[in-house]
Amino acid sequence: MPKRYPRLIVNMNKMRNNAKVIHDLCKGNEIELACVIKGFNGIPEIAEEMVKSGCRQLGSSRMEQLKEIKLRGLGIDTLLLRIPMISEAELVIKYADISLNSQKEVLDTLNDLALEYGVRHRIILMRDLGDLREGLFDRESLTEMAIYVENELTGIILEGIGTNLSCYGSIMPSEDNLNELVANAMEIEKIIGRELRYISGGATTTLPLLYKGKLPERINHLRVGEGIICALDLPLYWDTEIDGLETGVFRIEAEVIEVGKKPTYPIGMKCVNAFGETPEYNDRGVRARALLAIGNKDVGSYTALLPVLEGVELIGASSDHLIIDIENAKTEVKVGDILEFDLFYQGVLFASDRCYMNIELKY
C-alpha cells in the first residue's frame with residue numbers, strides 16, 4: 001500500500017533522549033519536571049516515551065488528553081496547565097491530579113466536587129509577573145487566595161504557587177521576576193505555617209537560567225514541552241545549547257505537485273489573501289519554484305517549517321498549498337518527489353492532529 005502524504009515522522013529514540021536529558025538536568029538541580037504533551041496533541045505512545053525517560057508528571061491544557069493518559073494507568077501525575085473551565089470541573093477532579101488556578105469561583109467548584117467524590121484535588125496558584133496571561137497580578141491577592149484555599153477549602157490541597165512567562169507578553173524569565181515568585185511563596189509559607197511543595201518557575205524559556213546556574217534556589221518545578229519535542233528555540237532565541245539535546249524529533253514529509261518557473265511578484269491588482277492579509281512581495285525576477293500538497297491548515301503557518309534540502313527557500317502558503325523557491329536547490333526537484341521539513345513548535349502542534357495527518361512513530 002503506497003504511503004500517504006503529508007506525513008509526520010516521529011523519531012521516538014530522539015524523543016526519549018531529549019526527555020531524559022531535560023529530566024536529568026532538572027533532577028540534578030532538585031527540580032521536578034512536568035513533561036508537557038499538548039505540543040504533540042497528547043499522542044499517548046509519545047507521552048509514554050517521556051515516562052520511560054523518568055518523567056513522573058505529564059501536563060496538558062486539554063482535559064481530553066489527560067483523560068486518555070490517566071486511563072492508561074501509567075502511574076504518574078497528570079497536570080492541567082490551563083485554568084479549568086467550570087464546565088469541565090468534574091473531568092478535572094476525575095482525571096487531573098493537579099491543576100493550575102487563579103479564580104475563586106473555579107476553586108469553589110473544584111472543592112465541592114472533590115468533597116462529593118471523596119478526594120482531595122491538588123492545585124498550584126498562579127501569579128502573573130508581567131506576561132499578562134493567567135494569574136493573580138499582585139502579591140497580596142495571591143497571598144489572600146492561598147490563605148483562603150488553605151483554611152476554607154477542605155477538598156483542595158495547596159501544593160504551591162507558579163507563574164507563566166514568555167507565552168503571551170514575551171516577557172523573559174529572569175532572576176528578578178522569579179525571585180519575586182519565591183518571595184511570595186515564602187510569605188505564604190510563613191502565614192500558613194508549612195512549606196509549599198512546589199514553586200513552579202515556568203516552562204522551556206526558564207531552562208537557560210537553570211542551565212547557566214542563575215535560577216533562584218527555591219524554584220523546584222518546571223513545565224517543559226518545546227525544549228523536549230523541538231529543541232530549536234533555546235539555541236535560536238535564547239543563546240543556550242544544552243548538551244545532548246537533538247533536533248529532528250518531528251519531521252514532516254510532503255509531496256511536490258507542481259514545478260516550474262514563475263515571476264516572484266504577483267501580477268494584477270492586489271487584494272487580501274485567503275487569510276485576510278496583504279503580504280509584501282520581493283521582485284526577484286523569474287525563478288524556479290515548486291508547489292507542495294501541504295499548507296497552513298497542516299502546520300499553522302508555513303514559517304514553522306525548516307527545509308531539509310539545502311538551497312530550498314520558503315515563499316508562502318495558503319490553506320493547502322506550500323510554495324517554495326528551488327532555484328538554488330542542491331538537487332533537482334521533480335513532481336512526485338517527497339521533500340522533508342523539520343518543525344518549530346507551532347508546526348508540531350498543528351501537524352500532530354490525528355484527524356488530518358498521517359503519523360508514523362519511528363523506533
# chains A, B, ... in the order shown; residues from 1 in each chain; ligands from 1
>>> select_by_dssp(residues="segment 211-256 of chain A", states="alpha helix (DSSP H)", output="ChimeraX atom specification")
/A:211,226-229,233-237
>>> residues_around(residues="segment 200-211 of chain A", least_positions_apart="6", cutoff="10 Å", atoms="only C-alpha atoms", output="MDAnalysis selection string")
chainID A and resid 22 25:26 29 31:36 124:126 160:167 171:175 177:179 181:182 217:228 231 233:235 237:243
>>> closest_residue(among="A:Val308, A:Ile98, A:Ile93, A:Ile69", to="Leu115 of chain A", atoms="only C-alpha atoms")
A:Ile93
>>> residues_around(residues="segment 249-264 of chain A", least_positions_apart="3", cutoff="7 Å", atoms="only C-alpha atoms", output="compact mmCIF listing (two decimals) with C-alpha atoms, in the first residue's frame")
# COMPACT_ATOMS: atom_id res chain seq x y z
CA TYR A 5 1.20 12.41 2.37
CA PRO A 6 1.68 14.78 4.07
CA ARG A 7 3.27 12.52 6.63
CA LEU A 8 4.59 13.31 10.12
CA ILE A 9 7.52 11.15 11.22
CA VAL A 10 8.23 10.99 14.95
CA ASN A 11 11.71 9.81 15.92
CA LYS A 14 15.25 11.23 19.87
CA MET A 15 12.10 11.96 21.87
CA ILE A 229 9.92 17.94 21.41
CA CYS A 230 11.66 20.50 19.15
CA ASN A 282 10.02 41.00 -3.34
CA ASP A 283 10.52 41.09 -7.10
CA ARG A 284 13.44 38.74 -7.78
CA GLY A 285 12.59 38.11 -11.40
CA VAL A 286 11.62 34.72 -12.79
CA ARG A 287 12.77 31.79 -10.65
CA ALA A 288 12.21 28.05 -10.36
CA ARG A 289 9.66 27.10 -7.74
CA ALA A 290 7.59 24.16 -6.58
CA LEU A 291 4.15 23.65 -5.13
CA LEU A 292 3.62 21.03 -2.41
CA ALA A 293 0.46 19.38 -1.11
CA ILE A 294 0.65 20.84 2.39
CA LYS A 334 10.52 16.96 -9.66
CA VAL A 335 6.78 16.37 -9.47
CA GLY A 336 6.15 13.38 -7.22
CA ASP A 337 9.28 13.97 -5.11
CA ILE A 338 8.93 13.88 -1.34
CA LEU A 339 10.59 16.77 0.48
CA GLU A 340 11.34 16.82 4.20
CA PHE A 341 10.96 19.65 6.70
CA ASP A 342 11.86 19.99 10.35
CA LEU A 343 9.32 21.75 12.53
CA VAL A 348 4.31 20.19 15.58
>>> atom_distance(atom1="atom CA of Ala274 of chain A", atom2="atom CA of Ile315 of chain A")
15.3 Å
>>> select_by_dssp(residues="segment 101-257 of chain A", states="strand (DSSP E or B)", output="VMD selection string")
chain A and resid 101 121 to 127 136 156 to 162 198 to 200 221 to 224 250 to 257
>>> atom_distance(atom1="atom CA of Phe275 of chain A", atom2="atom CA of Ala317 of chain A")
10.3 Å
>>> closest_residue(among="A:Arg4, A:Arg120, A:Lys20, A:Arg133", to="Leu153 of chain A", atoms="only C-alpha atoms")
A:Arg120
>>> closest_residue(among="A:Val21, A:Ala47, A:Val299, A:Val119", to="Leu361 of chain A", atoms="only C-alpha atoms")
A:Ala47
>>> closest_residue(among="A:Tyr168, A:Ser102, A:Ala114, A:Glu64", to="Thr143 of chain A", atoms="only C-alpha atoms")
A:Ser102
>>> atom_distance(atom1="atom CA of Asp138 of chain A", atom2="atom CA of Leu79 of chain A")
24.2 Å
